[in-house]
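Student: Mind having a look at this structure? Questions to follow.
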Amino acid sequence: MKTLLTVSNVTKVYETGKRKVIGVHNVSFDIRQGEFVSVIGPSGCGKSTLLRCIAGFERINGGSIHLNGRKVKRPEPNRFMVFQGLDQLFPWLTLKENIIFAMRVVDKGQGNFGERAEHYLELVGLQGFGDFYPYQLSGGMKQRASIARALSVKPQLLLMDEPFGSLDAFTRRAVHEMLLQVWKKTGVTIIFVTHDLEEAVDLSDKILIFSKGRLKGQIDNKLSRPRERVDSSYRSFLLKISGFLDSEGSDSLDSKELSAAEAKLAF
Amino acid sequence: MRDFVSKLAFILVLAIVWELIRLTGRYPALLFPGIGSIASALWMERVDLIGRTLFSLRIIGIGLVTAVSLAMLATFMSFGGKIFAEVISDLMAIMHPLPGIAILPVAILWFGIGVRAILFVIVFSALWPLINHFYTGFRSIPINQLEVGRNLGLTGWELALKVMLPASFPHILSGLRTGWARAWQASVAAELVFGAAGGQGGLGWYLYKKRFMMETPGVFAGMLIIVLIGIGVEYLIFAGIENRTVRKWKTIIN
Amino acid sequence: MFCIKRQRVVALLLLAVLVAASFISGCGQKTVQENQTANDDEQLMTIRVAKQFGLVYAPLMVAEKIDFFSKYGLKVEWLTLGSGGAVREAMASNELDAAFMGIPPYLIGWDKGLPAKIAAGYCVIPVSLVTYDENINTLEDFKAEHKIALPSPGSIQHILLSMALEKQLGDPNALDDNLVALPHPDGAQAMLAKKDVVAHFTTPPYLFEELEQPGYKVVLDGFDAFGQDFNFNVALVTESYHDSNPLGYAAFVQGLNDAMNWVNENKEETAKLLAPEFQIDEEKLLKYLTAEGVNYTTAPYGLMGFADFMQKAGYISKVPGSLSEIAWENILAQVGKREGGPCTLETIQWSK
């Protein structure tokens with residue numbers, strides 16, 4: 001498969017007052033068309049910053065990012081972001097209107113927006129909820145709707161910044177299922193930022209491990225789908241990654257984050 | 001509807017109490033006219049009252065549109081640059097507590113005597129609370145919604161109109177409410193301080209004239225109109241907008 | 001739901017009763033207070049008088065500084081009120097026993113039933129319409145954009161202007177759209193700023209100050225508009241005070257006469273006494289006090305002269321049938337009633 005995204009030597013420095021903080025340090029990797037890539041690492045390791053750089057929300061201080069050979073300079077709908085917050089839908093529009101709003105802005109011209117909006121709602125399992133306002137929906141439904149809106153502008157790259165971080169475990173299982181189906185049906189390339197190891201193993205083909213603003217490693221996930229957490233191959237793959245995390249970045253992982261990861265492993 | 005009925009009942013009760021107090025004869029009839037004479041003043045003066053009301057509403061309308069445009073501009077600009085934001089916030093701190101009517105002397109100095117000075121007082125009175133609410137509104141827009149807008153490729157005025165405006169609408173609406181109230185008060189107060197020129201004057205000027213002619217029923221008729229317009233605008237316009245927008249979206253602020 | 005509604009109505013009624021009760025009991029207290037004042041009056045009579053500020057009120061200010069009333073057993077409570085409108089309202093609600101105002105504002109009040117009559121004339125002072133516009137020499141020269149400042153609608157200045165307009169242009173309302181109501185000091189300021197306002201109908205000292213400026217001139221003299229002299233103000237005493245306290249009334253009128261006379265006899269001392277109050281120098285004040293046309297007098301002038309015009313122009317609904325409807329007996333006695341045709345004092349109560 002051909003390369004979609006090229007990240008080469010990207011550095012991002014934040015200035016907070018007089019202090020300079022390095023958010024992302026000399027990071028390079030490629031993502032191929034149709035891949036599902038997870039980026040994991042403890043909070044504050046720069047993984048979200050990297051995603052925001054790819055989206056174009058942040059200016060990078062060094063290196064370059066290319067999508068299909070074109071340099072990334074500003075936010076564009078061909079790289080669309082889904083955030084963690086449950087407030088990303090426009091509250092003054094119904095679900096359908098939210099999607100139509102996005103399509104209208106991107107498409108400019110006319111089109112059968114209503115029908116296409118219904119199609120995307122169906123894709124994420126929200127058929128029949130088109131006339132609901134965001135406040136009438138649960139957290140999981142809001143995130144599904146946000147994904148539907150993102151897909152409606154036909155992005156080449158779907159950027160997901162801990163999109164299910166605010167959901168409970170049961171809801172999360174269901175949206176994982178949905179996301180994988182959407183991925184299969186649309187063939188969209190996904191970069192998925194999370195600090196949940198199992199979520200990364202469940203969903204992605206490739207896992208990028210981040211620590212202290214640096215890319216520590218890339219691990220291909222060749223487990224066959226559907227992936228079951230009780231399978232022995234799943235357990236051993238999980239152990240391999242956590243072992244890698246321990247050896248490569250134990251000092252960089254903050255203790256809270258690590259213990260959360262350990263608790264998950266023990267379960 | 002029930003709300004309306006109870007309001008009506010309240011007004012009726014007030015009217016009855018008014019008449020009872022009047023009938024005790026404790027207060028001079030000259031200053032405490034009966035409901036009947038107020039009603040007849042309303043009827044006799046209807047042409048003048050309608051003219052004055054339209055005049056008041058027209059200059060308040062012009063004043064509010066000007067103030068809202070300026071407030072929007074100031075708010076956008078204060079988001080555009082740090083220096084602007086500081087200048088505007090300093091100005092706010094100085095000007096916001098100043099009652100609009102207090103700058104009437106300055107207004108007369110700059111704009112002379114007449115409608116333009118009153119207009120200036122109206123704009124001044126409404127401007128600062130409007131900026132305050134608009135600014136708070138813009139500040140309270142969830143960053144995610146802004147970034148979704150940017151992600152769609154919206155920038156500058158397009159982003160402001162399509163995302164920032166509706167997203168901050170709850171604050172904008174409460175700003176408009178305050179602005180309207182301030183503008184309405186300012187127009188009446190300004191005309192009470194210096195009557196506008198003979199031909200042009202609103203309800204404040206009407207009150208002023210009636211008071212000097214000692215036509216107390218006319219004074220009360222004018223006040224009644226002022227109150228009714230206040231209630232009318234609140235219930236017919238603001239409550240209507242509120243029900244169709246922030247109440248429907250459940251983004252109402254209190 | 002019905003229950004809630006009924007509760008609401010009951011609550012409203014309760015509120016209404018409470019409000020009514022507080023109003024009525026408030027009145028009761030006031031009656032008690034009035035009785036107490038009446039008791040105090042047995043030791044020393046009091047009268048509540050609206051205090052006013054300005055060159056015209058020099059005798060009043062002197063009367064306050066050198067107490068001219070106590071020797072008659074009267075104590076004056078000087079009250080400061082915001083405007084002529086407020087003075088009239090205070091008299092109507094019996095918060096005030098005596099006040100000074102122009103004949104037209106008084107007639108407007110009298111027409112509406114203000115229970116007060118004239119107890120004394122108060123000064124004859126020039127009142128004139130001043131302009132700085134060289135193209136304006138008569139009332140005909142005013143164009144739509146020329147604004148004329150005067151104190152308030154229904155003021156003596158307003159009526160004088162209307163009278164002159166009727167005489168000269170045949171329409172008392174010809175310049176209504178040019179009028180701007182401004183208190184004297186603001187009007188004077190607007191005149192000096194030369195913005196919008198091109199003419200000001202005013203009284204001393206503003207009149208004198210404006211005329212001192214180069215190019216400022218009189219377009220209309222008040223005495224010309226009226227046809228003869230008239231009291232700039234009259235002293236009013238309420239019916240209730242006049243009827244219930246004849247001695248207090250007599251003392252007030254006599255004290256006023258004394259004060260007026262003292263000013264006429266002692267203008268230099270008056271200037272010395274009042275210069276700090278006006279915050280101008282003594283010399284200038286003396287010049288104003290002795291300016292041509294200024295007459296500190298309590299004699300009645302032109303009391304009946306405004307009424308006919310004001311009724312025709314629609315400011316009042318009726319005209320006093322005789323002087324006795326608007327003036328107390330001491331004025332009536334002063335003017336007299338000559339058999340076989342009016343005497344001089346009778347004729348000067350009318351305009352020409």
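Every chain in the structure tokens has a letter given in the order shown (A, B, ...), and although residue numbers restart at 1 in each chain, ligands are simply numbered from 1 in the order shown.
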Counting only C-alpha atoms, which residues of chain B fall within 12 Å of chain A, and what is the closest atom pair for each with its distance in Å at one decimal, ordered by chain and rising number, as CSV?

Tutor:
residue,atom,partner,partner_atom,distance
B:Ile141,CA,A:Asp87,CA,9.9
B:Pro142,CA,A:Asp87,CA,6.9
B:Ile143,CA,A:Gln88,CA,8.3
B:Asn144,CA,A:Gln88,CA,5.0
B:Gln145,CA,A:Gln88,CA,4.9
B:Leu146,CA,A:Gln88,CA,8.5
B:Glu147,CA,A:Phe57,CA,7.9
B:Val148,CA,A:Gln88,CA,7.1
B:Gly149,CA,A:Ala102,CA,8.4
B:Arg150,CA,A:Pro75,CA,6.3
B:Asn151,CA,A:Pro75,CA,4.9
B:Leu152,CA,A:Pro77,CA,4.9
B:Gly153,CA,A:Glu76,CA,5.3
B:Leu154,CA,A:Val105,CA,7.9
B:Thr155,CA,A:Pro75,CA,9.9
B:Glu158,CA,A:Val105,CA,10.0
B:Leu159,CA,A:Val105,CA,10.6
B:Lys162,CA,A:Phe101,CA,9.4
B:Val163,CA,A:Phe90,CA,8.2
B:Met164,CA,A:Phe90,CA,10.4
B:Leu165,CA,A:Trp92,CA,10.8
B:Pro166,CA,A:Trp92,CA,7.0
B:Ala167,CA,A:Phe90,CA,7.3
B:Ser168,CA,A:Trp92,CA,10.2
B:Phe169,CA,A:Trp92,CA,9.2
B:Pro170,CA,A:Trp92,CA,10.4
B:Arg244,CA,A:Trp92,CA,10.3
B:Thr245,CA,A:Trp92,CA,7.4
B:Val246,CA,A:Trp92,CA,7.7
B:Arg247,CA,A:Trp92,CA,10.1
B:Lys248,CA,A:Trp92,CA,8.2
B:Trp249,CA,A:Trp92,CA,5.5
B:Lys250,CA,A:Tyr135,CA,6.8
B:Thr251,CA,A:Pro91,CA,7.4
B:Ile252,CA,A:Pro91,CA,11.0

Student: Within 10 Å of stretch 326-337 of chain C, counting only C-alpha atoms, which residues qualify if same-chain residues fewer than 4 places away don't, as a PyMOL selection string?

Tutor: chain C and resi 106-107+110+115-121+234-237+239+242+250+253+298-301+303-304+320-322+341-349

Student: For the selection just defined, write its residues with C-alpha atoms to a file, as a PDB file, in the first residue's frame.

Tutor:
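So the final result, stored in part37.pdb, reads:
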ATOM      1  CA  TYR C 106     -48.421  79.175  38.749  1.00  0.00           C
ATOM      2  CA  LEU C 107     -51.419  79.616  36.424  1.00  0.00           C
ATOM      3  CA  TRP C 110     -53.916  76.941  39.488  1.00  0.00           C
ATOM      4  CA  PRO C 115     -54.392  75.042  46.368  1.00  0.00           C
ATOM      5  CA  ALA C 116     -52.230  78.188  46.661  1.00  0.00           C
ATOM      6  CA  LYS C 117     -52.573  81.911  45.921  1.00  0.00           C
ATOM      7  CA  ILE C 118     -50.299  84.897  45.434  1.00  0.00           C
ATOM      8  CA  ALA C 119     -49.195  86.500  48.711  1.00  0.00           C
ATOM      9  CA  ALA C 120     -46.788  89.029  47.198  1.00  0.00           C
ATOM     10  CA  GLY C 121     -45.281  90.147  43.950  1.00  0.00           C
ATOM     11  CA  VAL C 234     -44.762  85.752  42.650  1.00  0.00           C
ATOM     12  CA  ALA C 235     -44.696  84.530  46.243  1.00  0.00           C
ATOM     13  CA  LEU C 236     -47.257  81.784  46.756  1.00  0.00           C
ATOM     14  CA  VAL C 237     -48.704  80.576  50.034  1.00  0.00           C
ATOM     15  CA  GLU C 239     -54.487  77.677  51.174  1.00  0.00           C
ATOM     16  CA  HIS C 242     -53.060  80.809  54.903  1.00  0.00           C
ATOM     17  CA  ALA C 250     -48.829  87.886  57.964  1.00  0.00           C
ATOM     18  CA  VAL C 253     -45.396  88.666  54.033  1.00  0.00           C
ATOM     19  CA  THR C 298     -43.175  93.092  46.354  1.00  0.00           C
ATOM     20  CA  ALA C 299     -45.775  95.125  44.510  1.00  0.00           C
ATOM     21  CA  PRO C 300     -48.036  93.173  42.140  1.00  0.00           C
ATOM     22  CA  TYR C 301     -47.423  93.750  38.412  1.00  0.00           C
ATOM     23  CA  LEU C 303     -50.806  89.274  37.645  1.00  0.00           C
ATOM     24  CA  MET C 304     -53.762  88.872  35.279  1.00  0.00           C
ATOM     25  CA  PRO C 320     -59.411  83.643  36.639  1.00  0.00           C
ATOM     26  CA  GLY C 321     -62.696  85.570  36.827  1.00  0.00           C
ATOM     27  CA  SER C 322     -61.158  88.136  39.138  1.00  0.00           C
ATOM     28  CA  GLY C 341     -63.220 102.482  36.048  1.00  0.00           C
ATOM     29  CA  PRO C 342     -59.883 100.897  37.027  1.00  0.00           C
ATOM     30  CA  CYS C 343     -57.090 102.797  38.748  1.00  0.00           C
ATOM     31  CA  THR C 344     -53.434 102.614  37.716  1.00  0.00           C
ATOM     32  CA  LEU C 345     -52.664  99.700  40.005  1.00  0.00           C
ATOM     33  CA  GLU C 346     -55.623  97.826  38.575  1.00  0.00           C
ATOM     34  CA  THR C 347     -54.633  98.453  34.969  1.00  0.00           C
ATOM     35  CA  ILE C 348     -51.029  97.348  35.448  1.00  0.00           C
ATOM     36  CA  GLN C 349     -52.243  93.877  36.333  1.00  0.00           C
TER      37      GLN C 349
END

Student: Nearest residue to C:Ser93 out of C:Ala188, C:Ser240, C:Ala307, C:Tyr122, using only C-alpha atoms?

Tutor: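 Using only C-alpha atoms, C:Ser93 sits closest to C:Ser240.
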
Student: One number please: atom CA of C:Ala225 to atom CA of C:Leu114, in Å, one decimal.

Tutor: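 Those two atoms sit 27.1 Å apart.
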
Student: Pull out every residue of chain B that has at least one atom within 10 Å of chain C, counting only C-alpha atoms, and report them as a ChimeraX atom specification.

Tutor: /B:2-3,5-6,9-11,13-18,20-21,24,26-32,105,108-114,191-200,205,208-216

Student: Pull the alpha helix (DSSP H) assignments for stretch 9-199 of chain A out of DSSP run on the backbone, and list those residues as a PyMOL selection string.

Tutor: chain A and resi 47-55+95-107+113-123+139-152+169-186+197-199

Student: Take the residues from that selection and put them in a file with C-alpha atoms, as a short mmCIF file (atom, residue, chain, number, x, y, z; two decimals), in the first residue's frame.

Tutor:
data_model
loop_
_atom_site.label_atom_id
_atom_site.label_comp_id
_atom_site.auth_asym_id
_atom_site.auth_seq_id
_atom_site.Cartn_x
_atom_site.Cartn_y
_atom_site.Cartn_z
CA LYS A 47 1.30 12.36 21.52
CA SER A 48 -1.63 14.76 21.44
CA THR A 49 0.67 17.58 20.39
CA LEU A 50 1.90 15.48 17.49
CA LEU A 51 -1.71 14.84 16.44
CA ARG A 52 -2.49 18.53 16.61
CA CYS A 53 0.58 19.23 14.46
CA ILE A 54 -0.65 16.72 11.88
CA ALA A 55 -4.09 18.35 11.98
CA LEU A 95 -27.29 15.81 14.72
CA LYS A 96 -28.34 15.90 11.10
CA GLU A 97 -27.81 19.67 10.93
CA ASN A 98 -24.36 19.24 12.50
CA ILE A 99 -23.39 16.89 9.69
CA ILE A 100 -25.02 19.01 7.00
CA PHE A 101 -23.21 22.07 8.39
CA ALA A 102 -19.86 20.34 7.96
CA MET A 103 -20.68 19.04 4.47
CA ARG A 104 -21.97 22.43 3.35
CA VAL A 105 -18.82 24.23 4.50
CA VAL A 106 -16.55 21.71 2.78
CA ASP A 107 -18.58 21.00 -0.35
CA PHE A 113 -27.00 16.76 2.03
CA GLY A 114 -30.01 15.42 3.92
CA GLU A 115 -29.75 11.93 2.46
CA ARG A 116 -25.97 11.82 2.82
CA ALA A 117 -26.26 12.92 6.45
CA GLU A 118 -28.68 10.07 7.13
CA HIS A 119 -26.20 7.67 5.54
CA TYR A 120 -23.43 8.73 7.91
CA LEU A 121 -25.71 8.57 10.94
CA GLU A 122 -26.61 5.01 9.93
CA LEU A 123 -22.93 4.19 9.53
CA GLY A 139 -21.79 10.48 25.80
CA GLY A 140 -21.31 7.48 23.52
CA MET A 141 -23.91 8.74 21.09
CA LYS A 142 -22.27 12.17 21.02
CA GLN A 143 -18.91 10.62 20.08
CA ARG A 144 -20.56 8.45 17.42
CA ALA A 145 -22.18 11.55 15.99
CA SER A 146 -18.84 13.38 16.03
CA ILE A 147 -17.31 10.49 14.07
CA ALA A 148 -20.22 10.62 11.60
CA ARG A 149 -19.65 14.34 11.11
CA ALA A 150 -15.94 13.78 10.62
CA LEU A 151 -16.54 11.07 8.02
CA SER A 152 -19.11 13.18 6.19
CA ALA A 169 -15.98 0.65 29.79
CA PHE A 170 -19.23 -0.86 28.47
CA THR A 171 -19.94 2.00 26.11
CA ARG A 172 -16.35 1.90 25.00
CA ARG A 173 -16.60 -1.74 23.87
CA ALA A 174 -19.60 -0.88 21.72
CA VAL A 175 -17.98 2.14 20.07
CA HIS A 176 -14.78 0.15 19.41
CA GLU A 177 -16.90 -2.34 17.52
CA MET A 178 -18.58 0.44 15.58
CA LEU A 179 -15.29 2.18 14.78
CA LEU A 180 -13.72 -0.99 13.39
CA GLN A 181 -16.74 -1.56 11.15
CA VAL A 182 -16.66 2.03 9.93
CA TRP A 183 -12.95 1.66 9.23
CA LYS A 184 -13.57 -1.52 7.22
CA LYS A 185 -16.46 -0.03 5.25
CA THR A 186 -14.89 3.32 4.42
CA LEU A 197 -2.74 -0.05 26.03
CA GLU A 198 -5.57 -2.52 25.53
CA GLU A 199 -7.56 -0.06 23.46
#

Student: For atom CA of C:Lys272 and atom CA of C:Asn231, determine how far apart the two atoms are, in Å to one decimal place.

Tutor: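 Atom CA of C:Lys272 sits 25.8 Å away from atom CA of C:Asn231.
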
Student: If you count only C-alpha atoms, which residues fall within 9 Å of stretch 137-142 of chain C, apart from same-chain ones fewer than 6 positions away, as a count of residues only?

Tutor: 11

Student: Considering only strand (DSSP E) as DSSP defines it on the backbone, what residues of stretch 47-283 of chain C qualify? List them as a ChimeraX atom specification.

Tutor: /C:47-51,74-80,98-101,116-122,128-131,147-150,179-181,197-202,217-221,233-238

Student: Rounded to one decimal in Å, what is the spacing between atom CA of B:His171 and atom CA of B:Ile241?

Tutor: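 These atoms are spaced 13.0 Å apart.
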
Student: Need the shell around C:Asp67: protein/DNA/RNA residues with any atom at most 12 Å away, counting only C-alpha atoms. Skip same-chain ones fewer than 6 positions apart. Format as number ranges by chain?

Tutor: C: 59-61, 73-78, 252, 255-256, 258-259, 262

Student: What lies within 6 Å of stretch 2-14 of chain A using only C-alpha atoms, ignoring chain neighbours under 5 positions off, as a PyMOL selection string?

Tutor: chain A and resi 20-33+60-68

Student: For A:Val188, work out the shell of residues within 7 Å, counting only C-alpha atoms and skipping chain neighbours fewer than 4 positions away, then give it as a list of chain:residue names.

Tutor: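 Counting only the stated atoms, we get A:Gly34, A:Gln156, A:Leu157, A:Leu158, A:Trp183.
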
Student: At a cut-off of 9 Å, using only C-alpha atoms, what residues contact stretch 49-53 of chain B? Leave out same-chain residues fewer than 6 positions from it and give the result as an mmCIF file with N, CA and C atoms, in the first residue's frame.

Tutor:
data_model
loop_
_atom_site.group_PDB
_atom_site.id
_atom_site.type_symbol
_atom_site.label_atom_id
_atom_site.label_comp_id
_atom_site.auth_asym_id
_atom_site.auth_seq_id
_atom_site.Cartn_x
_atom_site.Cartn_y
_atom_site.Cartn_z
ATOM 1 N N LEU B 42 -54.663 58.548 28.297
ATOM 2 C CA LEU B 42 -54.089 57.631 27.301
ATOM 3 C C LEU B 42 -54.845 57.754 25.982
ATOM 4 N N GLN B 200 -38.923 67.106 17.931
ATOM 5 C CA GLN B 200 -38.383 65.763 18.033
ATOM 6 C C GLN B 200 -38.156 65.417 19.487
ATOM 7 N N GLY B 201 -38.857 64.432 19.957
ATOM 8 C CA GLY B 201 -38.663 64.002 21.329
ATOM 9 C C GLY B 201 -39.440 62.730 21.513
ATOM 10 N N GLY B 202 -38.965 61.913 22.431
ATOM 11 C CA GLY B 202 -39.631 60.647 22.671
ATOM 12 C C GLY B 202 -40.457 60.704 23.942
ATOM 13 N N LEU B 203 -40.587 59.540 24.561
ATOM 14 C CA LEU B 203 -41.447 59.441 25.731
ATOM 15 C C LEU B 203 -40.889 60.205 26.927
ATOM 16 N N GLY B 204 -39.555 60.294 27.024
ATOM 17 C CA GLY B 204 -38.959 61.046 28.125
ATOM 18 C C GLY B 204 -39.367 62.511 28.041
ATOM 19 N N TRP B 205 -39.292 63.031 26.841
ATOM 20 C CA TRP B 205 -39.689 64.421 26.600
ATOM 21 C C TRP B 205 -41.178 64.597 26.887
ATOM 22 N N TYR B 206 -41.956 63.603 26.524
ATOM 23 C CA TYR B 206 -43.405 63.643 26.801
ATOM 24 C C TYR B 206 -43.644 63.760 28.306
ATOM 25 N N ALA B 221 -49.791 58.248 32.250
ATOM 26 C CA ALA B 221 -50.048 57.565 30.984
ATOM 27 C C ALA B 221 -48.723 57.274 30.285
ATOM 28 N N GLY B 222 -47.819 58.256 30.290
ATOM 29 C CA GLY B 222 -46.503 58.067 29.679
ATOM 30 C C GLY B 222 -45.716 56.968 30.363
ATOM 31 N N ILE B 225 -46.996 53.605 29.415
ATOM 32 C CA ILE B 225 -46.522 53.182 28.091
ATOM 33 C C ILE B 225 -45.093 52.645 28.199
ATOM 34 N N ILE B 226 -44.258 53.352 28.987
ATOM 35 C CA ILE B 226 -42.869 52.919 29.144
ATOM 36 C C ILE B 226 -42.813 51.512 29.746
ATOM 37 N N ILE B 229 -44.124 48.884 27.216
ATOM 38 C CA ILE B 229 -43.146 48.564 26.173
ATOM 39 C C ILE B 229 -42.065 47.646 26.743
#
